[in-house]
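**Student:** There's a structure below that I have some questions on.
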Amino acid sequence: MRPAASEQKESVHMSTACPICGSYNVQVIYQVSAEEAAYNWIVAGKQRESIAELAAHIRVLWGREIANMMDCLDCTFGFSDPFVAGDAKFYELAFGPSNYPRDKWEYRKTLSALKSFPVNGRALEIGSGYGFFLEKISPHFFAPSQVTAIEYNNIAIEKLKNKGYRVLSCDPTELLESNESYDAIFMFQILEHRDKIHETFSALHGLLNRHGNLFIAVPSPSSIRFWERNGGIMDYPPNHIGFWNCSNLEDMALRFGFSVSEIAVEPFRFFTFAKWDVFFSYVRRAQKGEFIAKKLYRNRRSGIGRYLNLAALIVLAPSRVPVWIKALFSGQSLAPHYWIHLTKN
Ligand SMILES: [Zn+2]
């Protein structure tokens, strides 16, 4: 039987420690059931049986029905409790085939850092997708034969191999056992999906040569929470399970023997924000089961469906103006991403 919310919060407060700092001074932001989390992915157009299958799998991962979204009141890290990452089956059921953007702010940011402080030798990217970032740094900074990509998606693995990179499907913590060493490691939009974060930082440190460089990018928790509170999509676990801010990244870097070379916050751009806001609020309506949004969104890839969805977004946009005004006042605190360049001491 599902415990009463107050009962659940009390037990969490007593027994859940922050994954970064170990503090028990934590609070529950909200709770989500395995079924709600699974239903969240109807955005992928899944059938009801698939939602039930996904919910059952999330229950197995969590070992229970309810997860809590927590904040550490000492180090400000946000995390899911249980702090358990999604596995390959979760991503397959929840998302299906992956879609990788060609360009990202963190790619440009890293390129400009590499131009200022050229790094040569061996490079490792964790989560390479189709290799769009690697194309930007290889062969200019790293010969393809010196590049290792960690990737699990079969289509992506083929593409990466065709580009001449070495491809591995393993966890970075396993790589450490085979005495691998690199001069640069890139890990973009990965850390927020991972549990065992101390082991992760320890492995990243162990895999780098002395004075080696580590580049990490994560989504900004304040931007995610803003949308959750203002009618946008909910960022339910076990997709993102760690909500990292700049001070959390710095904290872990210093604990594990890195110096912070540079930290950057992606500039808040109002029109980009407004565009995503309309889209996210529309998806949220579909997730909540609003009949028209749900029906239209499921058919968004058909010929006429595209135009109907575009029309729905245009109709919805004026209702979001109060949220946009709030966002304008929040400004840079709603920056979408954080980026950090660390150097091994
Ligand atoms: Zn903490």
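Starting from 1 in every chain, residues are counted up; chains themselves are A, B, ... following the order of the structure tokens, and ligands are numbered from 1 as listed.
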Restrict the calculation to only C-alpha atoms and all ligand atoms, then for each residue of chain A with any atom at most 10 Å from an atom of ligand 1 give the closest atom pair and their distance in Å to one decimal, rows by chain and rising residue number, as a tab-separated table.
**Tutor:**
```
residue	atom	partner	partner_atom_place_in_ligand_line	distance
A:Ala17	CA	ligand 1	1 (Zn)	7.7
A:Cys18	CA	ligand 1	1 (Zn)	4.5
A:Pro19	CA	ligand 1	1 (Zn)	6.7
A:Ile20	CA	ligand 1	1 (Zn)	5.2
A:Cys21	CA	ligand 1	1 (Zn)	4.1
A:Gly22	CA	ligand 1	1 (Zn)	5.9
A:Ser23	CA	ligand 1	1 (Zn)	5.4
A:Tyr24	CA	ligand 1	1 (Zn)	8.0
A:Asn25	CA	ligand 1	1 (Zn)	7.8
A:Val26	CA	ligand 1	1 (Zn)	7.7
A:Asp71	CA	ligand 1	1 (Zn)	7.9
A:Cys72	CA	ligand 1	1 (Zn)	4.6
A:Leu73	CA	ligand 1	1 (Zn)	6.7
A:Asp74	CA	ligand 1	1 (Zn)	5.2
A:Cys75	CA	ligand 1	1 (Zn)	4.0
A:Thr76	CA	ligand 1	1 (Zn)	6.0
A:Phe77	CA	ligand 1	1 (Zn)	5.5
A:Gly78	CA	ligand 1	1 (Zn)	8.3
A:Phe79	CA	ligand 1	1 (Zn)	9.4
A:Asn248	CA	ligand 1	1 (Zn)	8.4
```
**Student:** Write out as a PyMOL selection string the residues lying within 12 Å of Arg229 in chain A, counting only C-alpha atoms and excluding same-chain residues fewer than 4 positions away.
**Tutor:** chain A and resi 29-30+222-225+233-235+281+284+323+326-327
**Student:** May I have the residues from that selection written out with all heavy atoms, as a compact mmCIF listing (two decimals), in the first residue's frame?
**Tutor:**
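Output below, filename result_6.txt:
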```txt
# COMPACT_ATOMS: atom_id res chain seq x y z
N ILE A 29 11.22 17.51 -2.41
CA ILE A 29 10.59 18.54 -3.26
C ILE A 29 9.24 18.04 -3.77
O ILE A 29 8.25 18.73 -3.73
CB ILE A 29 11.50 18.88 -4.47
CG1 ILE A 29 12.90 19.26 -4.02
CG2 ILE A 29 10.89 19.96 -5.34
CD1 ILE A 29 12.96 20.47 -3.14
N TYR A 30 9.25 16.81 -4.27
CA TYR A 30 7.99 16.17 -4.65
C TYR A 30 8.21 14.67 -4.73
O TYR A 30 9.35 14.19 -4.67
CB TYR A 30 7.42 16.72 -5.97
CG TYR A 30 8.27 16.53 -7.20
CD1 TYR A 30 8.38 15.30 -7.84
CD2 TYR A 30 8.96 17.61 -7.77
CE1 TYR A 30 9.14 15.13 -8.97
CE2 TYR A 30 9.74 17.46 -8.90
CZ TYR A 30 9.82 16.22 -9.50
OH TYR A 30 10.58 16.05 -10.64
N SER A 222 18.08 24.97 -11.97
CA SER A 222 17.09 26.04 -11.75
C SER A 222 16.16 26.16 -12.95
O SER A 222 14.97 26.45 -12.80
CB SER A 222 17.78 27.37 -11.44
OG SER A 222 18.79 27.61 -12.36
N SER A 223 16.70 25.93 -14.14
CA SER A 223 15.87 25.99 -15.33
C SER A 223 14.85 24.82 -15.33
O SER A 223 13.66 25.01 -15.61
CB SER A 223 16.81 25.93 -16.54
OG SER A 223 16.16 25.58 -17.68
N ILE A 224 15.32 23.63 -14.96
CA ILE A 224 14.43 22.46 -14.90
C ILE A 224 13.32 22.69 -13.88
O ILE A 224 12.14 22.46 -14.14
CB ILE A 224 15.26 21.21 -14.53
CG1 ILE A 224 16.16 20.81 -15.69
CG2 ILE A 224 14.33 20.04 -14.14
CD1 ILE A 224 17.22 19.77 -15.35
N ARG A 225 13.69 23.17 -12.69
CA ARG A 225 12.71 23.39 -11.62
C ARG A 225 11.71 24.48 -11.99
O ARG A 225 10.54 24.43 -11.62
CB ARG A 225 13.41 23.75 -10.31
CG ARG A 225 14.30 22.65 -9.76
CD ARG A 225 13.48 21.51 -9.17
NE ARG A 225 14.33 20.46 -8.66
CZ ARG A 225 14.37 19.22 -9.16
NH1 ARG A 225 13.59 18.86 -10.13
NH2 ARG A 225 15.19 18.32 -8.63
N ILE A 233 7.35 20.57 -18.66
CA ILE A 233 7.46 19.13 -18.42
C ILE A 233 8.12 18.85 -17.07
O ILE A 233 8.88 19.66 -16.56
CB ILE A 233 8.26 18.40 -19.54
CG1 ILE A 233 9.57 19.13 -19.83
CG2 ILE A 233 7.43 18.26 -20.79
CD1 ILE A 233 10.46 18.38 -20.80
N MET A 234 7.79 17.69 -16.52
CA MET A 234 8.38 17.24 -15.26
C MET A 234 9.61 16.39 -15.58
O MET A 234 9.56 15.55 -16.46
CB MET A 234 7.37 16.41 -14.45
CG MET A 234 6.08 17.12 -14.12
SD MET A 234 6.34 18.61 -13.11
CE MET A 234 6.83 17.89 -11.55
N ASP A 235 10.68 16.65 -14.86
CA ASP A 235 11.92 15.90 -15.10
C ASP A 235 12.00 14.73 -14.13
O ASP A 235 12.79 14.73 -13.19
CB ASP A 235 13.13 16.84 -14.94
CG ASP A 235 14.35 16.29 -15.66
OD1 ASP A 235 14.32 15.10 -16.02
OD2 ASP A 235 15.32 17.04 -15.85
N SER A 281 5.13 23.18 -22.40
CA SER A 281 3.82 23.28 -21.77
C SER A 281 2.78 22.48 -22.57
O SER A 281 1.86 21.89 -22.01
CB SER A 281 3.38 24.74 -21.61
OG SER A 281 3.18 25.31 -22.87
N ARG A 284 3.38 18.89 -21.73
CA ARG A 284 2.85 18.64 -20.37
C ARG A 284 1.34 18.42 -20.42
O ARG A 284 0.80 17.58 -19.71
CB ARG A 284 3.21 19.82 -19.46
CG ARG A 284 2.79 19.59 -18.01
CD ARG A 284 3.67 18.54 -17.34
NE ARG A 284 3.14 18.11 -16.06
CZ ARG A 284 3.05 16.83 -15.69
NH1 ARG A 284 3.46 15.88 -16.49
NH2 ARG A 284 2.58 16.52 -14.51
N VAL A 323 4.19 33.47 -17.83
CA VAL A 323 5.40 32.69 -17.50
C VAL A 323 6.63 33.35 -18.12
O VAL A 323 7.70 33.42 -17.51
CB VAL A 323 5.25 31.22 -17.98
CG1 VAL A 323 6.53 30.43 -17.75
CG2 VAL A 323 4.08 30.56 -17.28
N LYS A 326 7.65 36.25 -16.02
CA LYS A 326 8.35 35.74 -14.84
C LYS A 326 9.79 35.36 -15.20
O LYS A 326 10.74 35.65 -14.47
CB LYS A 326 7.60 34.50 -14.33
CG LYS A 326 7.70 34.31 -12.83
CD LYS A 326 7.14 32.97 -12.43
CE LYS A 326 5.64 32.93 -12.27
NZ LYS A 326 5.20 31.65 -11.67
N ALA A 327 9.94 34.71 -16.36
CA ALA A 327 11.28 34.27 -16.80
C ALA A 327 12.18 35.47 -17.07
O ALA A 327 13.37 35.44 -16.74
CB ALA A 327 11.16 33.41 -18.05
```
**Student:** For CA of Trp227 in chain A and CA of Ile314 in chain A, quote the distance in Å rounded to one decimal.
**Tutor:**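 Going from CA of Trp227 in chain A over to CA of Ile314 in chain A, I get 18.9 Å.
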**Student:** Within 8 Å of Tyr165 in chain A, counting only C-alpha atoms, which residues show up once you throw out same-chain ones fewer than 2 positions away? Write them as a list of chain:residue names, please.
**Tutor:** A:Pro144, A:Ser145, A:Gln146, A:Val147, A:Thr148, A:Ala149, A:Leu160, A:Lys161, A:Asn162, A:Lys163, A:Val167
**Student:** Residues near Ile66 in chain A, anyone? I mean within 8 Å using only C-alpha atoms, not counting same-chain ones fewer than 3 positions away, as a PyMOL selection string.
**Tutor:** chain A and resi 2+31-34+62
**Student:** Excluding range 96-105 of chain A and its own-chain neighbours fewer than 2 positions away, which residues fall within 9 Å of it when counting only C-alpha atoms? Please give them as a PDB file with N, CA, C and O atoms, in the first residue's frame.
**Tutor:**
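Okay, out_34.pdb is ready:
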```
ATOM      1  N   ALA A  44       6.532   9.827 -26.198  1.00  0.00           N
ATOM      2  CA  ALA A  44       7.141   9.037 -27.268  1.00  0.00           C
ATOM      3  C   ALA A  44       6.074   8.278 -28.058  1.00  0.00           C
ATOM      4  O   ALA A  44       6.391   7.494 -28.932  1.00  0.00           O
ATOM      5  N   TYR A  91      15.967   3.107 -21.026  1.00  0.00           N
ATOM      6  CA  TYR A  91      16.068   4.076 -22.131  1.00  0.00           C
ATOM      7  C   TYR A  91      15.410   3.540 -23.398  1.00  0.00           C
ATOM      8  O   TYR A  91      14.808   4.307 -24.153  1.00  0.00           O
ATOM      9  N   GLU A  92      15.522   2.241 -23.608  1.00  0.00           N
ATOM     10  CA  GLU A  92      14.901   1.638 -24.786  1.00  0.00           C
ATOM     11  C   GLU A  92      13.376   1.777 -24.699  1.00  0.00           C
ATOM     12  O   GLU A  92      12.721   2.204 -25.641  1.00  0.00           O
ATOM     13  N   LEU A  93      12.812   1.440 -23.522  1.00  0.00           N
ATOM     14  CA  LEU A  93      11.352   1.494 -23.354  1.00  0.00           C
ATOM     15  C   LEU A  93      10.846   2.938 -23.340  1.00  0.00           C
ATOM     16  O   LEU A  93       9.786   3.247 -23.873  1.00  0.00           O
ATOM     17  N   ALA A  94      11.607   3.831 -22.713  1.00  0.00           N
ATOM     18  CA  ALA A  94      11.124   5.202 -22.525  1.00  0.00           C
ATOM     19  C   ALA A  94      11.309   6.070 -23.764  1.00  0.00           C
ATOM     20  O   ALA A  94      10.460   6.885 -24.093  1.00  0.00           O
ATOM     21  N   TYR A 107      29.582  22.314 -26.983  1.00  0.00           N
ATOM     22  CA  TYR A 107      30.576  21.958 -28.002  1.00  0.00           C
ATOM     23  C   TYR A 107      31.382  23.208 -28.363  1.00  0.00           C
ATOM     24  O   TYR A 107      32.613  23.162 -28.449  1.00  0.00           O
ATOM     25  N   ARG A 108      30.659  24.301 -28.589  1.00  0.00           N
ATOM     26  CA  ARG A 108      31.344  25.546 -28.981  1.00  0.00           C
ATOM     27  C   ARG A 108      32.239  26.044 -27.858  1.00  0.00           C
ATOM     28  O   ARG A 108      33.344  26.510 -28.078  1.00  0.00           O
ATOM     29  N   LYS A 109      31.737  25.924 -26.635  1.00  0.00           N
ATOM     30  CA  LYS A 109      32.487  26.372 -25.457  1.00  0.00           C
ATOM     31  C   LYS A 109      33.794  25.573 -25.331  1.00  0.00           C
ATOM     32  O   LYS A 109      34.865  26.122 -25.071  1.00  0.00           O
ATOM     33  N   THR A 110      33.714  24.260 -25.512  1.00  0.00           N
ATOM     34  CA  THR A 110      34.883  23.385 -25.395  1.00  0.00           C
ATOM     35  C   THR A 110      35.872  23.665 -26.518  1.00  0.00           C
ATOM     36  O   THR A 110      37.084  23.719 -26.281  1.00  0.00           O
ATOM     37  N   GLY A 129      27.129   9.536 -28.991  1.00  0.00           N
ATOM     38  CA  GLY A 129      26.035   9.618 -29.971  1.00  0.00           C
ATOM     39  C   GLY A 129      26.581   9.315 -31.359  1.00  0.00           C
ATOM     40  O   GLY A 129      27.357   8.381 -31.546  1.00  0.00           O
ATOM     41  N   TYR A 130      26.214  10.151 -32.350  1.00  0.00           N
ATOM     42  CA  TYR A 130      26.679   9.936 -33.720  1.00  0.00           C
ATOM     43  C   TYR A 130      28.056  10.547 -33.966  1.00  0.00           C
ATOM     44  O   TYR A 130      28.545  10.556 -35.085  1.00  0.00           O
ATOM     45  N   GLY A 131      28.651  11.135 -32.938  1.00  0.00           N
ATOM     46  CA  GLY A 131      30.011  11.672 -33.086  1.00  0.00           C
ATOM     47  C   GLY A 131      30.042  13.115 -33.553  1.00  0.00           C
ATOM     48  O   GLY A 131      31.054  13.573 -34.089  1.00  0.00           O
ATOM     49  N   PHE A 132      28.957  13.859 -33.344  1.00  0.00           N
ATOM     50  CA  PHE A 132      28.928  15.241 -33.826  1.00  0.00           C
ATOM     51  C   PHE A 132      29.953  16.128 -33.100  1.00  0.00           C
ATOM     52  O   PHE A 132      30.511  17.038 -33.692  1.00  0.00           O
ATOM     53  N   PHE A 133      30.194  15.863 -31.813  1.00  0.00           N
ATOM     54  CA  PHE A 133      31.232  16.650 -31.122  1.00  0.00           C
ATOM     55  C   PHE A 133      32.618  16.210 -31.594  1.00  0.00           C
ATOM     56  O   PHE A 133      33.484  17.041 -31.877  1.00  0.00           O
ATOM     57  N   ASN A 153      24.496   2.810 -28.208  1.00  0.00           N
ATOM     58  CA  ASN A 153      23.503   2.717 -29.282  1.00  0.00           C
ATOM     59  C   ASN A 153      24.120   2.076 -30.537  1.00  0.00           C
ATOM     60  O   ASN A 153      25.135   2.563 -31.047  1.00  0.00           O
ATOM     61  N   GLU A 266      25.610  28.959 -19.605  1.00  0.00           N
ATOM     62  CA  GLU A 266      25.082  29.319 -20.932  1.00  0.00           C
ATOM     63  C   GLU A 266      24.196  30.553 -20.810  1.00  0.00           C
ATOM     64  O   GLU A 266      23.330  30.608 -19.934  1.00  0.00           O
ATOM     65  N   HIS A 337      22.277  25.630 -19.345  1.00  0.00           N
ATOM     66  CA  HIS A 337      23.322  24.637 -19.087  1.00  0.00           C
ATOM     67  C   HIS A 337      24.523  25.230 -18.362  1.00  0.00           C
ATOM     68  O   HIS A 337      24.788  26.428 -18.481  1.00  0.00           O
TER      69      HIS A 337
END
```
**Student:** Would you please give, as a PDB file with N, CA and C atoms, in the first residue's frame, all residues of range 128-300 of chain A that DSSP assigns to strand (DSSP E or B) based on the backbone?
**Tutor:**
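Wrote it out as result-v8.pdb, contents follow:
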```pdb
ATOM      1  N   VAL A 147      41.304   8.647 -30.764  1.00  0.00           N
ATOM      2  CA  VAL A 147      40.023   8.985 -30.129  1.00  0.00           C
ATOM      3  C   VAL A 147      39.267   7.713 -29.739  1.00  0.00           C
ATOM      4  N   THR A 148      38.820   7.648 -28.481  1.00  0.00           N
ATOM      5  CA  THR A 148      37.965   6.550 -28.025  1.00  0.00           C
ATOM      6  C   THR A 148      36.593   7.115 -27.685  1.00  0.00           C
ATOM      7  N   ALA A 149      35.565   6.437 -28.164  1.00  0.00           N
ATOM      8  CA  ALA A 149      34.190   6.868 -27.887  1.00  0.00           C
ATOM      9  C   ALA A 149      33.493   5.781 -27.078  1.00  0.00           C
ATOM     10  N   ILE A 150      32.825   6.174 -26.013  1.00  0.00           N
ATOM     11  CA  ILE A 150      31.991   5.213 -25.287  1.00  0.00           C
ATOM     12  C   ILE A 150      30.552   5.435 -25.725  1.00  0.00           C
ATOM     13  N   ARG A 166      37.869   4.558 -32.159  1.00  0.00           N
ATOM     14  CA  ARG A 166      37.745   3.306 -31.413  1.00  0.00           C
ATOM     15  C   ARG A 166      36.476   3.425 -30.565  1.00  0.00           C
ATOM     16  N   VAL A 167      35.628   2.402 -30.579  1.00  0.00           N
ATOM     17  CA  VAL A 167      34.368   2.494 -29.841  1.00  0.00           C
ATOM     18  C   VAL A 167      34.290   1.394 -28.785  1.00  0.00           C
ATOM     19  N   LEU A 168      33.928   1.777 -27.590  1.00  0.00           N
ATOM     20  CA  LEU A 168      33.750   0.814 -26.505  1.00  0.00           C
ATOM     21  C   LEU A 168      32.338   0.961 -25.944  1.00  0.00           C
ATOM     22  N   TYR A 182      44.325   8.961 -20.754  1.00  0.00           N
ATOM     23  CA  TYR A 182      43.930   9.965 -21.751  1.00  0.00           C
ATOM     24  C   TYR A 182      44.454  11.348 -21.364  1.00  0.00           C
ATOM     25  N   ASP A 183      44.518  12.218 -22.394  1.00  0.00           N
ATOM     26  CA  ASP A 183      44.919  13.602 -22.148  1.00  0.00           C
ATOM     27  C   ASP A 183      43.706  14.515 -22.030  1.00  0.00           C
ATOM     28  N   ALA A 184      42.592  14.059 -22.575  1.00  0.00           N
ATOM     29  CA  ALA A 184      41.359  14.839 -22.451  1.00  0.00           C
ATOM     30  C   ALA A 184      40.164  13.897 -22.394  1.00  0.00           C
ATOM     31  N   ILE A 185      39.217  14.226 -21.517  1.00  0.00           N
ATOM     32  CA  ILE A 185      37.966  13.455 -21.431  1.00  0.00           C
ATOM     33  C   ILE A 185      36.800  14.439 -21.548  1.00  0.00           C
ATOM     34  N   PHE A 186      35.826  14.067 -22.359  1.00  0.00           N
ATOM     35  CA  PHE A 186      34.650  14.913 -22.589  1.00  0.00           C
ATOM     36  C   PHE A 186      33.408  14.146 -22.141  1.00  0.00           C
ATOM     37  N   MET A 187      32.574  14.804 -21.358  1.00  0.00           N
ATOM     38  CA  MET A 187      31.365  14.129 -20.854  1.00  0.00           C
ATOM     39  C   MET A 187      30.228  15.152 -20.798  1.00  0.00           C
ATOM     40  N   PHE A 188      29.456  15.184 -21.868  1.00  0.00           N
ATOM     41  CA  PHE A 188      28.403  16.198 -21.990  1.00  0.00           C
ATOM     42  C   PHE A 188      27.018  15.582 -21.785  1.00  0.00           C
ATOM     43  N   LEU A 208      42.865   9.997 -16.455  1.00  0.00           N
ATOM     44  CA  LEU A 208      43.581  11.128 -17.054  1.00  0.00           C
ATOM     45  C   LEU A 208      45.062  11.079 -16.717  1.00  0.00           C
ATOM     46  N   ASN A 209      45.891  11.494 -17.684  1.00  0.00           N
ATOM     47  CA  ASN A 209      47.311  11.694 -17.405  1.00  0.00           C
ATOM     48  C   ASN A 209      47.452  12.932 -16.526  1.00  0.00           C
ATOM     49  N   ARG A 210      48.621  13.100 -15.935  1.00  0.00           N
ATOM     50  CA  ARG A 210      48.860  14.286 -15.103  1.00  0.00           C
ATOM     51  C   ARG A 210      48.633  15.547 -15.949  1.00  0.00           C
ATOM     52  N   HIS A 211      47.945  16.511 -15.404  1.00  0.00           N
ATOM     53  CA  HIS A 211      47.573  17.762 -16.076  1.00  0.00           C
ATOM     54  C   HIS A 211      46.591  17.528 -17.233  1.00  0.00           C
ATOM     55  N   GLY A 212      45.973  16.345 -17.258  1.00  0.00           N
ATOM     56  CA  GLY A 212      44.957  16.067 -18.270  1.00  0.00           C
ATOM     57  C   GLY A 212      43.711  16.920 -18.028  1.00  0.00           C
ATOM     58  N   ASN A 213      42.888  17.031 -19.070  1.00  0.00           N
ATOM     59  CA  ASN A 213      41.737  17.945 -19.040  1.00  0.00           C
ATOM     60  C   ASN A 213      40.410  17.192 -19.075  1.00  0.00           C
ATOM     61  N   LEU A 214      39.487  17.659 -18.267  1.00  0.00           N
ATOM     62  CA  LEU A 214      38.157  17.054 -18.213  1.00  0.00           C
ATOM     63  C   LEU A 214      37.120  18.148 -18.481  1.00  0.00           C
ATOM     64  N   PHE A 215      36.245  17.894 -19.438  1.00  0.00           N
ATOM     65  CA  PHE A 215      35.203  18.868 -19.792  1.00  0.00           C
ATOM     66  C   PHE A 215      33.837  18.227 -19.527  1.00  0.00           C
ATOM     67  N   ILE A 216      33.023  18.910 -18.730  1.00  0.00           N
ATOM     68  CA  ILE A 216      31.708  18.366 -18.362  1.00  0.00           C
ATOM     69  C   ILE A 216      30.645  19.437 -18.626  1.00  0.00           C
ATOM     70  N   ALA A 217      29.491  19.020 -19.138  1.00  0.00           N
ATOM     71  CA  ALA A 217      28.348  19.935 -19.229  1.00  0.00           C
ATOM     72  C   ALA A 217      27.120  19.242 -18.651  1.00  0.00           C
ATOM     73  N   VAL A 218      26.306  20.000 -17.959  1.00  0.00           N
ATOM     74  CA  VAL A 218      25.075  19.469 -17.346  1.00  0.00           C
ATOM     75  C   VAL A 218      23.927  20.466 -17.559  1.00  0.00           C
ATOM     76  N   PRO A 219      22.678  19.995 -17.514  1.00  0.00           N
ATOM     77  CA  PRO A 219      21.566  20.954 -17.565  1.00  0.00           C
ATOM     78  C   PRO A 219      21.462  21.700 -16.233  1.00  0.00           C
ATOM     79  N   GLY A 242      20.501  13.294 -10.943  1.00  0.00           N
ATOM     80  CA  GLY A 242      21.346  14.232 -10.198  1.00  0.00           C
ATOM     81  C   GLY A 242      21.189  15.623 -10.797  1.00  0.00           C
ATOM     82  N   PHE A 243      20.944  16.631  -9.958  1.00  0.00           N
ATOM     83  CA  PHE A 243      20.710  17.991 -10.436  1.00  0.00           C
ATOM     84  C   PHE A 243      21.872  18.853  -9.950  1.00  0.00           C
ATOM     85  N   PHE A 258      41.187  17.686  -8.769  1.00  0.00           N
ATOM     86  CA  PHE A 258      41.199  18.521  -9.971  1.00  0.00           C
ATOM     87  C   PHE A 258      41.289  19.994  -9.572  1.00  0.00           C
ATOM     88  N   SER A 259      41.818  20.821 -10.492  1.00  0.00           N
ATOM     89  CA  SER A 259      41.707  22.271 -10.343  1.00  0.00           C
ATOM     90  C   SER A 259      40.653  22.735 -11.336  1.00  0.00           C
ATOM     91  N   VAL A 260      39.921  23.759 -10.957  1.00  0.00           N
ATOM     92  CA  VAL A 260      38.907  24.303 -11.866  1.00  0.00           C
ATOM     93  C   VAL A 260      39.585  25.318 -12.778  1.00  0.00           C
ATOM     94  N   SER A 261      39.666  25.007 -14.072  1.00  0.00           N
ATOM     95  CA  SER A 261      40.291  25.943 -15.020  1.00  0.00           C
ATOM     96  C   SER A 261      39.290  27.001 -15.469  1.00  0.00           C
ATOM     97  N   GLU A 262      38.048  26.591 -15.677  1.00  0.00           N
ATOM     98  CA  GLU A 262      37.021  27.565 -16.108  1.00  0.00           C
ATOM     99  C   GLU A 262      35.632  26.995 -15.843  1.00  0.00           C
ATOM    100  N   ILE A 263      34.721  27.896 -15.464  1.00  0.00           N
ATOM    101  CA  ILE A 263      33.308  27.505 -15.335  1.00  0.00           C
ATOM    102  C   ILE A 263      32.508  28.470 -16.190  1.00  0.00           C
ATOM    103  N   ALA A 264      31.511  27.975 -16.900  1.00  0.00           N
ATOM    104  CA  ALA A 264      30.693  28.880 -17.704  1.00  0.00           C
ATOM    105  C   ALA A 264      29.222  28.509 -17.578  1.00  0.00           C
ATOM    106  N   VAL A 265      28.397  29.523 -17.689  1.00  0.00           N
ATOM    107  CA  VAL A 265      26.947  29.364 -17.625  1.00  0.00           C
ATOM    108  C   VAL A 265      26.401  29.801 -18.982  1.00  0.00           C
TER     109      VAL A 265
END
```
